[in-house]
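The structure file final-v8.tsv is reproduced below (TSV, C-alpha atoms).
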```tsv
chain	number	residue	atom	x	y	z
A	106	MET	CA	0.00	0.00	0.00
A	107	PRO	CA	1.59	3.32	-1.01
A	108	SER	CA	2.62	5.73	1.65
A	109	VAL	CA	4.92	8.66	2.06
A	110	PRO	CA	8.31	7.36	0.98
A	111	ARG	CA	10.93	7.09	3.66
A	112	ARG	CA	14.16	7.56	1.79
A	113	GLY	CA	17.28	6.59	3.61
A	114	ARG	CA	20.54	4.78	2.99
A	115	LEU	CA	20.42	1.27	1.59
A	116	HIS	CA	20.76	-1.30	4.32
A	117	SER	CA	23.99	-3.25	4.74
A	118	LEU	CA	22.96	-5.95	2.24
A	119	GLY	CA	22.52	-3.32	-0.46
A	120	ALA	CA	20.77	-4.54	-3.59
A	121	ALA	CA	21.25	-8.14	-2.38
A	122	GLY	CA	18.24	-7.55	-0.15
A	123	PHE	CA	16.15	-7.59	-3.31
A	124	LEU	CA	17.27	-11.13	-4.19
A	125	PRO	CA	14.38	-12.97	-2.44
A	126	VAL	CA	11.84	-10.81	-4.30
A	127	LEU	CA	13.63	-11.49	-7.59
A	128	ILE	CA	13.57	-15.25	-7.02
A	129	ALA	CA	9.90	-15.25	-6.00
A	130	ASN	CA	8.88	-13.40	-9.15
A	131	LEU	CA	10.86	-15.72	-11.40
A	132	VAL	CA	9.11	-18.84	-10.04
A	133	PRO	CA	6.15	-18.60	-12.52
A	134	LEU	CA	8.48	-18.54	-15.52
A	135	VAL	CA	10.44	-21.49	-14.16
A	136	GLY	CA	7.17	-23.34	-13.61
A	137	VAL	CA	6.07	-22.72	-17.21
A	138	VAL	CA	9.41	-23.74	-18.73
A	139	SER	CA	10.23	-26.70	-16.48
A	140	LEU	CA	7.01	-27.89	-14.86
A	141	GLY	CA	4.44	-27.38	-17.61
A	142	TRP	CA	2.40	-24.70	-15.86
A	143	ASP	CA	-0.19	-22.92	-18.00
A	144	PRO	CA	1.12	-19.43	-18.89
A	145	ALA	CA	-2.36	-18.17	-19.82
A	146	THR	CA	-3.77	-18.91	-16.36
A	147	LEU	CA	-0.82	-17.30	-14.58
A	148	ALA	CA	-0.96	-14.19	-16.77
A	149	ALA	CA	-4.72	-13.88	-16.22
A	150	VAL	CA	-4.25	-14.16	-12.45
A	151	TYR	CA	-1.69	-11.37	-12.52
A	152	ALA	CA	-3.96	-9.21	-14.70
A	153	VAL	CA	-6.99	-9.60	-12.43
A	154	GLU	CA	-4.84	-8.82	-9.40
A	155	VAL	CA	-3.50	-5.62	-11.01
A	156	VAL	CA	-6.99	-4.44	-11.96
A	157	LEU	CA	-8.57	-5.21	-8.58
A	158	SER	CA	-5.74	-3.53	-6.65
A	159	ILE	CA	-6.87	-0.12	-7.93
A	160	PRO	CA	-10.35	-0.07	-6.29
A	161	LEU	CA	-8.71	-1.47	-3.13
A	162	ALA	CA	-6.47	1.60	-3.15
A	163	GLY	CA	-9.52	3.79	-3.67
A	164	ALA	CA	-11.15	2.36	-0.54
A	165	THR	CA	-8.06	2.92	1.61
A	166	ALA	CA	-7.62	6.44	0.19
A	167	LEU	CA	-10.70	7.55	2.13
A	168	PHE	CA	-8.62	7.41	5.33
A	169	ALA	CA	-5.55	9.31	4.09
A	170	ALA	CA	-5.04	12.18	6.53
A	171	ARG	CA	-2.83	14.54	4.51
A	172	GLN	CA	-4.15	17.19	2.15
A	173	PRO	CA	-4.13	16.23	-1.56
A	174	PRO	CA	-1.47	18.22	-3.44
A	175	GLU	CA	-2.59	20.98	-5.75
A	176	ASP	CA	-0.09	19.99	-8.45
A	177	ARG	CA	-1.49	16.83	-10.04
A	178	GLU	CA	-0.80	17.59	-13.68
A	179	SER	CA	1.66	14.72	-14.19
A	180	GLY	CA	-0.60	12.07	-12.69
A	181	VAL	CA	-2.48	9.21	-14.33
A	182	ILE	CA	-5.57	9.63	-12.14
A	183	GLY	CA	-7.50	12.69	-13.27
A	184	VAL	CA	-9.35	14.45	-10.46
A	185	ARG	CA	-10.72	17.74	-11.68
A	186	GLU	CA	-10.65	20.77	-9.43
A	187	THR	CA	-13.50	20.49	-6.99
A	188	PRO	CA	-14.20	22.43	-3.81
A	189	LEU	CA	-14.78	19.13	-2.00
A	190	ALA	CA	-11.04	18.35	-2.29
A	191	SER	CA	-10.36	21.33	-0.01
A	192	LYS	CA	-12.95	20.40	2.60
A	193	ARG	CA	-11.66	20.47	6.19
A	194	GLY	CA	-12.69	17.95	8.80
A	195	ALA	CA	-13.45	14.24	9.08
A	196	PHE	CA	-15.93	11.85	10.64
A	197	ARG	CA	-15.55	8.37	12.13
A	198	PRO	CA	-18.30	6.01	10.88
A	199	ILE	CA	-16.91	3.02	12.81
A	200	SER	CA	-15.12	3.39	16.13
A	201	TRP	CA	-12.31	0.94	15.33
A	202	LEU	CA	-11.47	2.57	11.97
A	203	PRO	CA	-9.55	5.82	11.41
A	204	PRO	CA	-11.54	8.93	10.45
A	205	VAL	CA	-12.88	9.26	6.92
A	206	TYR	CA	-12.15	12.58	5.16
A	207	PRO	CA	-14.85	13.83	2.75
A	208	ARG	CA	-12.14	15.66	0.78
A	209	ASN	CA	-10.84	12.19	-0.27
A	210	LEU	CA	-14.10	11.16	-1.94
A	211	PRO	CA	-13.22	12.58	-5.41
A	212	PHE	CA	-10.01	10.53	-5.42
A	213	ALA	CA	-11.77	7.35	-4.32
A	214	ALA	CA	-14.43	7.88	-7.00
A	215	ALA	CA	-11.84	8.56	-9.72
A	216	VAL	CA	-10.45	5.04	-9.46
A	217	CYS	CA	-13.78	3.59	-10.65
A	218	GLY	CA	-13.36	4.99	-14.14
A	219	ALA	CA	-9.65	4.19	-14.16
A	220	THR	CA	-10.36	0.59	-13.17
A	221	ALA	CA	-12.94	0.16	-15.93
A	222	TRP	CA	-10.71	1.52	-18.68
A	223	ILE	CA	-7.59	-0.32	-17.54
A	224	ALA	CA	-9.55	-3.58	-17.37
A	225	LEU	CA	-10.86	-2.93	-20.87
A	226	PHE	CA	-7.42	-2.24	-22.35
A	227	VAL	CA	-5.84	-5.20	-20.57
A	228	GLY	CA	-8.59	-7.37	-22.01
A	229	VAL	CA	-7.99	-5.99	-25.51
A	230	THR	CA	-4.29	-6.84	-25.37
A	231	PHE	CA	-5.00	-10.25	-23.85
A	232	SER	CA	-7.45	-11.07	-26.64
A	233	GLN	CA	-4.54	-11.04	-29.09
A	234	ALA	CA	-2.99	-14.07	-27.38
A	235	PHE	CA	-5.77	-15.75	-25.35
A	236	ASP	CA	-9.44	-16.64	-25.39
A	237	VAL	CA	-10.46	-14.06	-22.78
A	238	PRO	CA	-14.01	-15.35	-22.02
A	239	ALA	CA	-12.66	-18.88	-21.56
A	240	LEU	CA	-9.89	-17.64	-19.27
A	241	LEU	CA	-12.23	-15.63	-17.07
A	242	SER	CA	-14.60	-18.57	-16.78
A	243	ARG	CA	-11.92	-20.66	-15.05
A	244	PRO	CA	-12.59	-20.76	-11.29
A	245	THR	CA	-8.87	-21.04	-10.59
A	246	VAL	CA	-8.19	-17.67	-12.20
A	247	LEU	CA	-10.62	-15.69	-10.06
A	248	ALA	CA	-9.85	-17.67	-6.90
A	249	SER	CA	-6.09	-17.20	-7.28
A	250	ALA	CA	-6.45	-13.50	-8.07
A	251	LEU	CA	-8.71	-12.98	-5.07
A	252	ALA	CA	-6.18	-14.79	-2.89
A	253	LEU	CA	-3.44	-12.42	-4.06
A	254	LEU	CA	-5.78	-9.47	-3.48
A	255	ALA	CA	-6.53	-10.76	0.02
A	256	GLY	CA	-2.80	-10.73	0.65
A	257	GLN	CA	-2.72	-7.07	-0.38
A	258	ALA	CA	-5.63	-6.34	1.95
A	259	VAL	CA	-3.85	-8.04	4.85
A	260	GLU	CA	-0.74	-6.01	4.10
A	261	ALA	CA	-2.86	-2.85	4.07
A	262	VAL	CA	-4.34	-3.69	7.46
A	263	ARG	CA	-0.91	-4.47	8.90
A	264	ASP	CA	1.07	-1.60	7.41
A	265	TYR	CA	-1.36	1.12	6.31
A	266	PHE	CA	-3.64	0.93	9.34
A	267	GLY	CA	-1.54	-0.93	11.90
A	268	ARG	CA	1.48	1.35	11.50
A	269	ARG	CA	-0.67	4.43	10.84
A	270	ARG	CA	0.71	5.09	7.36
A	271	TYR	CA	-2.62	6.71	6.55
A	272	ALA	CA	-1.58	9.63	8.80
A	273	GLU	CA	1.47	10.28	6.60
A	274	THR	CA	0.04	10.23	3.10
A	275	SER	CA	-2.48	11.95	0.85
A	276	PRO	CA	-5.34	10.30	-1.07
A	277	TYR	CA	-3.64	11.25	-4.34
A	278	ALA	CA	-0.52	9.26	-3.42
A	279	VAL	CA	-2.61	6.25	-2.40
A	280	VAL	CA	-4.53	5.98	-5.69
A	281	GLU	CA	-1.87	7.29	-8.03
A	282	THR	CA	0.82	4.70	-7.28
A	283	PRO	CA	-1.09	1.51	-8.29
A	284	THR	CA	-2.61	3.32	-11.28
A	285	ARG	CA	0.85	4.31	-12.54
A	286	ARG	CA	1.95	0.70	-12.28
A	287	ALA	CA	-1.12	-0.50	-14.18
A	288	ALA	CA	-0.48	2.12	-16.87
A	289	PHE	CA	3.11	0.91	-17.18
A	290	LEU	CA	1.82	-2.64	-17.55
A	291	LEU	CA	-0.50	-1.52	-20.36
A	292	PHE	CA	2.40	0.16	-22.13
A	293	VAL	CA	4.42	-3.06	-21.99
A	294	LEU	CA	1.49	-5.20	-23.13
A	295	PHE	CA	0.78	-2.96	-26.10
A	296	ALA	CA	4.41	-3.40	-27.16
A	297	LEU	CA	4.01	-7.18	-27.17
A	298	PRO	CA	1.93	-7.95	-30.32
A	299	PRO	CA	5.05	-8.67	-32.42
A	300	LEU	CA	6.04	-11.27	-29.81
A	301	HIS	CA	2.67	-13.02	-29.65
A	302	ALA	CA	3.25	-15.06	-32.79
A	303	ALA	CA	6.62	-16.20	-31.52
A	304	GLY	CA	5.95	-16.62	-27.79
A	305	GLY	CA	2.19	-16.65	-27.34
A	306	GLY	CA	1.15	-16.85	-23.71
A	307	VAL	CA	4.73	-17.20	-22.52
A	308	ALA	CA	5.54	-13.77	-23.96
A	309	VAL	CA	2.59	-12.19	-22.11
A	310	LEU	CA	3.55	-13.91	-18.86
A	311	ALA	CA	7.18	-12.81	-19.29
A	312	ALA	CA	5.97	-9.24	-19.73
A	313	PHE	CA	3.98	-9.48	-16.51
A	314	VAL	CA	6.98	-10.84	-14.63
A	315	ALA	CA	9.23	-8.10	-16.03
A	316	VAL	CA	6.73	-5.39	-15.04
A	317	LYS	CA	6.32	-6.86	-11.57
A	318	LEU	CA	10.10	-6.90	-11.10
A	319	VAL	CA	10.41	-3.25	-12.11
A	320	VAL	CA	7.53	-2.34	-9.78
A	321	GLU	CA	8.99	-4.36	-6.91
A	322	TRP	CA	12.37	-2.73	-7.45
A	323	SER	CA	10.82	0.73	-7.33
A	324	ALA	CA	9.08	-0.16	-4.06
A	325	PHE	CA	12.34	-1.58	-2.69
A	326	ARG	CA	14.22	1.61	-3.54
A	327	THR	CA	11.51	3.71	-1.96
A	328	ALA	CA	11.70	1.82	1.32
A	329	HIS	CA	15.47	1.23	1.49
A	330	GLY	CA	17.23	3.55	-0.92
A	331	ASP	CA	18.14	7.19	-1.24
A	332	ASP	CA	17.99	9.64	-4.10
A	333	ASP	CA	21.44	8.57	-5.26
A	334	SER	CA	20.65	4.86	-5.57
A	335	ALA	CA	20.46	3.35	-9.03
A	336	GLY	CA	17.12	3.11	-10.69
A	337	GLY	CA	16.40	6.18	-12.76
A	338	ARG	CA	13.32	8.13	-13.58
A	339	LEU	CA	11.12	5.14	-14.36
A	340	THR	CA	11.38	3.54	-10.93
A	341	ASP	CA	11.00	6.96	-9.30
A	342	TRP	CA	7.78	7.47	-11.26
A	343	LEU	CA	6.50	3.99	-10.42
A	344	ALA	CA	7.23	4.55	-6.73
A	345	GLY	CA	4.50	7.19	-6.77
A	346	PRO	CA	4.30	10.77	-5.49
A	347	THR	CA	6.99	11.45	-2.90
A	348	GLU	CA	5.45	14.42	-1.11
A	349	SER	CA	2.23	14.81	0.82
A	350	PRO	CA	1.49	18.39	1.87
A	351	GLU	CA	1.04	19.24	5.50
A	352	ASP	CA	-2.45	20.18	6.62
A	353	PRO	CA	-3.12	23.93	6.59
A	354	GLU	CA	-3.08	25.86	9.81
A	355	PRO	CA	-6.30	25.55	11.84
A	356	ILE	CA	-8.76	28.41	11.56
A	357	ALA	CA	-8.93	30.58	14.67
A	358	VAL	CA	-12.64	31.01	15.38
A	359	PRO	CA	-13.52	33.65	18.02
A	360	ASP	CA	-14.32	32.05	21.38
A	361	ALA	CA	-17.81	33.53	21.71
A	362	GLU	CA	-21.33	33.03	20.49
A	363	PRO	CA	-21.79	34.28	16.92
A	364	ASP	CA	-23.76	37.47	16.39
A	365	ALA	CA	-25.72	35.80	13.58
A	366	ARG	CA	-26.10	32.40	11.89
A	367	VAL	CA	-27.24	31.91	8.30
A	368	PRO	CA	-27.40	28.25	7.21
A	369	VAL	CA	-27.37	27.26	3.57
A	370	HIS	CA	-30.76	26.09	2.30
A	371	ARG	CA	-29.90	22.42	1.99
A	372	ARG	CA	-32.60	21.36	-0.44
A	373	THR	CA	-31.57	24.17	-2.78
A	374	ALA	CA	-27.92	23.11	-2.54
A	375	VAL	CA	-28.82	19.51	-3.38
A	376	ALA	CA	-31.05	20.61	-6.27
A	377	THR	CA	-28.25	22.80	-7.62
A	378	GLY	CA	-25.83	19.85	-7.48
A	379	VAL	CA	-28.29	17.65	-9.37
A	380	LEU	CA	-28.90	20.31	-12.02
A	381	LYS	CA	-25.18	20.97	-12.56
A	382	THR	CA	-24.60	17.23	-12.88
A	383	LEU	CA	-27.38	16.68	-15.41
A	384	VAL	CA	-26.35	19.64	-17.56
A	385	GLY	CA	-22.56	19.44	-17.41
A	386	VAL	CA	-21.54	15.90	-16.51
A	387	ALA	CA	-24.28	13.52	-17.61
A	388	PRO	CA	-23.69	13.83	-21.41
A	389	VAL	CA	-19.94	13.24	-21.01
A	390	TYR	CA	-20.45	10.21	-18.78
A	391	ALA	CA	-23.10	8.81	-21.12
A	392	THR	CA	-20.67	8.82	-24.06
A	393	GLY	CA	-17.91	7.13	-22.07
A	394	PHE	CA	-20.17	4.44	-20.63
A	395	PHE	CA	-21.69	3.66	-24.02
A	396	VAL	CA	-18.28	3.28	-25.67
A	397	ALA	CA	-17.13	1.03	-22.80
A	398	TRP	CA	-20.29	-1.10	-23.17
A	399	ILE	CA	-19.79	-1.63	-26.89
A	400	ALA	CA	-16.10	-2.41	-26.47
A	401	ALA	CA	-16.72	-4.81	-23.58
A	402	PHE	CA	-19.34	-6.66	-25.64
A	403	GLY	CA	-16.91	-7.21	-28.46
A	404	LEU	CA	-14.17	-8.35	-26.10
A	405	PHE	CA	-15.82	-10.41	-23.37
A	406	VAL	CA	-19.03	-11.64	-25.06
A	407	GLY	CA	-18.41	-11.73	-28.77
A	408	GLY	CA	-20.35	-13.83	-31.24
A	409	ASP	CA	-24.12	-13.53	-31.15
A	410	PRO	CA	-25.12	-12.57	-27.57
A	411	SER	CA	-28.54	-13.55	-26.27
A	412	GLY	CA	-31.23	-11.00	-25.55
A	413	ALA	CA	-30.90	-11.63	-21.82
A	414	VAL	CA	-27.17	-10.76	-21.92
A	415	VAL	CA	-27.90	-7.54	-23.78
A	416	ARG	CA	-30.70	-6.52	-21.41
A	417	TRP	CA	-28.92	-7.32	-18.15
A	418	SER	CA	-25.62	-5.80	-19.26
A	419	ALA	CA	-27.51	-2.63	-20.23
A	420	VAL	CA	-29.21	-2.60	-16.82
A	421	ALA	CA	-25.87	-3.07	-15.06
A	422	LEU	CA	-24.22	-0.33	-17.12
A	423	PHE	CA	-27.11	2.05	-16.53
A	424	GLY	CA	-26.85	1.37	-12.81
A	425	LEU	CA	-23.15	2.25	-12.86
A	426	TYR	CA	-23.97	5.35	-14.88
A	427	LEU	CA	-26.56	6.49	-12.35
A	428	GLY	CA	-24.12	5.75	-9.54
A	429	ALA	CA	-21.47	7.93	-11.15
A	430	LEU	CA	-23.97	10.79	-11.57
A	431	ALA	CA	-25.14	10.39	-7.97
A	432	ALA	CA	-21.55	10.53	-6.72
A	433	ASN	CA	-20.94	13.74	-8.66
A	434	ALA	CA	-24.09	15.40	-7.32
A	435	ALA	CA	-23.31	14.18	-3.80
A	436	GLY	CA	-19.89	15.82	-3.98
A	437	PHE	CA	-21.49	19.20	-4.63
A	438	ALA	CA	-24.03	18.67	-1.85
A	439	LEU	CA	-21.38	17.62	0.67
A	440	THR	CA	-19.40	20.74	-0.16
A	441	TYR	CA	-22.16	23.33	0.28
A	442	ALA	CA	-25.25	21.89	1.98
A	443	PRO	CA	-23.78	21.58	5.51
A	444	ILE	CA	-22.35	25.13	5.56
A	445	GLU	CA	-23.57	27.64	8.12
A	446	TYR	CA	-22.29	31.22	7.87
A	447	ARG	CA	-21.54	32.70	11.27
A	448	ARG	CA	-20.78	36.33	11.95
A	449	TYR	CA	-18.47	37.37	14.79
A	450	GLY	CA	-18.27	41.16	14.77
A	451	ASP	CA	-16.44	42.05	11.58
A	452	ARG	CA	-15.47	38.43	10.82
A	453	LEU	CA	-17.44	35.88	8.79
A	454	VAL	CA	-16.85	32.15	9.28
A	455	ALA	CA	-18.07	29.38	6.98
A	456	TYR	CA	-18.73	26.49	9.35
A	457	ASP	CA	-19.50	22.89	8.35
A	458	ALA	CA	-22.25	21.86	10.77
A	459	TRP	CA	-22.00	18.16	9.85
A	460	LEU	CA	-18.26	17.85	10.38
A	461	ASP	CA	-18.19	20.43	13.20
A	462	GLU	CA	-15.28	22.17	11.47
A	463	PRO	CA	-14.73	25.75	10.22
A	464	GLN	CA	-13.90	25.93	6.53
A	465	TRP	CA	-12.70	29.50	6.09
A	466	ILE	CA	-12.78	32.91	7.76
A	467	ALA	CA	-12.83	36.33	6.14
A	468	SER	CA	-13.58	39.95	6.86
A	469	VAL	CA	-17.21	40.97	6.43
A	470	ASP	CA	-16.00	43.85	4.29
```

Encoded form using structure tokens:
Amino acid sequence: MPSVPRRGRLHSLGAAGFLPVLIANLVPLVGVVSLGWDPATLAAVYAVEVVLSIPLAGATALFAARQPPEDRESGVIGVRETPLASKRGAFRPISWLPPVYPRNLPFAAAVCGATAWIALFVGVTFSQAFDVPALLSRPTVLASALALLAGQAVEAVRDYFGRRRYAETSPYAVVETPTRRAAFLLFVLFALPPLHAAGGGVAVLAAFVAVKLVVEWSAFRTAHGDDDSAGGRLTDWLAGPTESPEDPEPIAVPDAEPDARVPVHRRTAVATGVLKTLVGVAPVYATGFFVAWIAAFGLFVGGDPSGAVVRWSAVALFGLYLGALAANAAGFALTYAPIEYRRYGDRLVAYDAWLDEPQWIASVD
């Protein structure tokens, strides 16, 4: 699970400390060459694990305590400027979990679209070497991928929550790191078509192993290396964002009862969020979801699909579409609906009544 990098000197073993990771990642290739393992199944397991790791990162990003950086131009995850990303305050839905920060919601939501498109492009490249529907129908593929994902979840609980890494990182760093690695994997897979005829599934599996080694090396350097250690720009980029901004200074609210309180009309704020979503966002989302539906049909269904498949896939896609619109409208409502403007003499404070946290303070003039 990504966190704020802790760059220090390499330990006494130097790069030799990476040797166990190298050996572990070479085992699948040895199994294919020497033991007759199926390269298609192994490659599919790796692919499903990579795709599912992104929404897992989105879920853990909700707890990241640092402010998201303003400079996100070089990132793979696109989170447009939204006032919700600057929201102060948090709430604790479950006592044994860390607080959830509403400002992290746009980053957690952004991984949904990234996951869908990365899964689609991975499937497209896989279809050049494998029968994708047949691969995904194998119980061993999904079971093995879920087992690997469970290992990631256990590591997140142990390291991210157990060692309080969430207090040191921003939501952008949490979601950006696995998405960068998935994007790098896509780049490698798209470069493979010339090798498919020669190597088939072995070539795809070898690409996965190579990508995993580069990713593991970048993580190793992040944890044990310094800026002078060998690796270069690629491993630095794969290691993810290296800085998480400190939280801004708390707002000094006068210690007295306000002279006046003016709450935002919540139903109007919600209605405004819905209207802005339907006018500005809904057409864009509709185009993207429709293109993804058509592409997924050609990739994962193929042939002559039955009427039931068409109907239920359309229902599922429409449900995701409505969910995306609801999330966008909810972001606007969470930003403005809870605000109560409080006047203290010549000072005006915007106070979030739900989070019990002031958002900004300014002169009445």

Exercise for review: Name the residues in contact with Ser275 in chain A at a cut-off of 12 Å, using only C-alpha atoms, excluding same-chain residues fewer than 6 positions from it; report them as a ChimeraX atom specification.
Suggested key: /A:107-110,162-163,165-175,177,190,206,208-210,212-213,281-282,345-352

Point to revise | Surrounding residues of Gly194 in chain A excluding itself and chain neighbours under 5 positions, 9 Å, only C-alpha atoms, as a list in words | key: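 The neighbour list is Val205, Tyr206, Pro207, Arg208, Asp457, Leu460, Asp461, Glu462, Pro463 and Gln464 of chain A.
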
Exercise: range 146-159 of chain A partners within 7 Å, only C-alpha atoms, chain neighbours under 4 positions left out, as a PDB file with C-alpha atoms, in the frame of the given file:
```pdb
ATOM      1  CA  GLY A 163      -9.520   3.790  -3.670  1.00  0.00           C
ATOM      2  CA  VAL A 216     -10.450   5.040  -9.460  1.00  0.00           C
ATOM      3  CA  THR A 220     -10.360   0.590 -13.170  1.00  0.00           C
ATOM      4  CA  ILE A 223      -7.590  -0.320 -17.540  1.00  0.00           C
ATOM      5  CA  ALA A 224      -9.550  -3.580 -17.370  1.00  0.00           C
ATOM      6  CA  LEU A 240      -9.890 -17.640 -19.270  1.00  0.00           C
ATOM      7  CA  VAL A 246      -8.190 -17.670 -12.200  1.00  0.00           C
ATOM      8  CA  LEU A 247     -10.620 -15.690 -10.060  1.00  0.00           C
ATOM      9  CA  SER A 249      -6.090 -17.200  -7.280  1.00  0.00           C
ATOM     10  CA  ALA A 250      -6.450 -13.500  -8.070  1.00  0.00           C
ATOM     11  CA  LEU A 253      -3.440 -12.420  -4.060  1.00  0.00           C
ATOM     12  CA  LEU A 254      -5.780  -9.470  -3.480  1.00  0.00           C
ATOM     13  CA  VAL A 280      -4.530   5.980  -5.690  1.00  0.00           C
ATOM     14  CA  PRO A 283      -1.090   1.510  -8.290  1.00  0.00           C
ATOM     15  CA  THR A 284      -2.610   3.320 -11.280  1.00  0.00           C
ATOM     16  CA  ALA A 287      -1.120  -0.500 -14.180  1.00  0.00           C
ATOM     17  CA  VAL A 309       2.590 -12.190 -22.110  1.00  0.00           C
ATOM     18  CA  LEU A 310       3.550 -13.910 -18.860  1.00  0.00           C
ATOM     19  CA  PHE A 313       3.980  -9.480 -16.510  1.00  0.00           C
TER      20      PHE A 313
END
```

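If you look at CA of Pro198 in chain A and CA of Phe423 in chain A, they are 29.1 Å away from each other.
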
Point to revise | Point-to-point distance in Å for CA of Trp142 in chain A and CA of Phe231 in chain A | key: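 One can read the CA of Phe231 in chain A to CA of Trp142 in chain A distance as 18.1 Å.
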
Check your understanding: CA of Asp176 in chain A and CA of Thr382 in chain A, how far apart in Å?
Key ->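 Computed distance, CA of Thr382 in chain A to CA of Asp176 in chain A, equals 25.1 Å.
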
Exercise for review: Mind checking which residues fall within 7 Å of Trp465 in chain A, counting all atoms listed in the file, ignoring those fewer than 3 positions away in the same chain, and posting them as an MDAnalysis selection string?
Suggested key: chainID A and resid 356 454:455

**Study point:** Val316 in chain A surroundings by all atoms listed in the file, 7 Å radius, close-in-sequence under 4 positions cut, as an NGL selection string
**Key:** :A and (290 or 312 or 320)

Please write the residues from the selection above to a file, keeping C-alpha atoms, as a JSON list (two decimals), in the frame of the given file.
```json
[["chain", "number", "residue", "atom", "x", "y", "z"],
["A", 290, "LEU", "CA", 1.82, -2.64, -17.55],
["A", 312, "ALA", "CA", 5.97, -9.24, -19.73],
["A", 320, "VAL", "CA", 7.53, -2.34, -9.78]]
```

Review point. For Thr340 in chain A, which residue out of A:Leu430, A:Val319, A:Ala421, A:Val181 is the nearest one, using all atoms listed in the file?
Key: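 That would be A:Val319, the residue with the smallest distance to Thr340 in chain A.
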
Check your understanding: Of the candidates A:Val379, A:Gly267, A:Thr274, A:Val237, which one gets nearest to Leu225 in chain A if we count only C-alpha atoms?
Key ->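 Checking each candidate against Leu225 in chain A, we get A:Val237 as the closest.
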
Exercise for review: Rank nothing, just name the residue among A:Leu294, A:Ala164, A:Leu127, A:Leu134 nearest to Gly228 in chain A, using all atoms listed in the file.
Suggested key: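 Comparing A:Leu294, A:Ala164, A:Leu127, A:Leu134 against Gly228 in chain A, the winner is A:Leu294.
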
Check your understanding: Which residue out of A:Cys217, A:Ala376, A:Ala261, A:Leu291 has the minimum interatomic distance to Thr230 in chain A when all atoms listed in the file are used?
Key ->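 Checking each of A:Cys217, A:Ala376, A:Ala261, A:Leu291 against Thr230 in chain A, counting all atoms listed in the file, the winner is A:Leu291.
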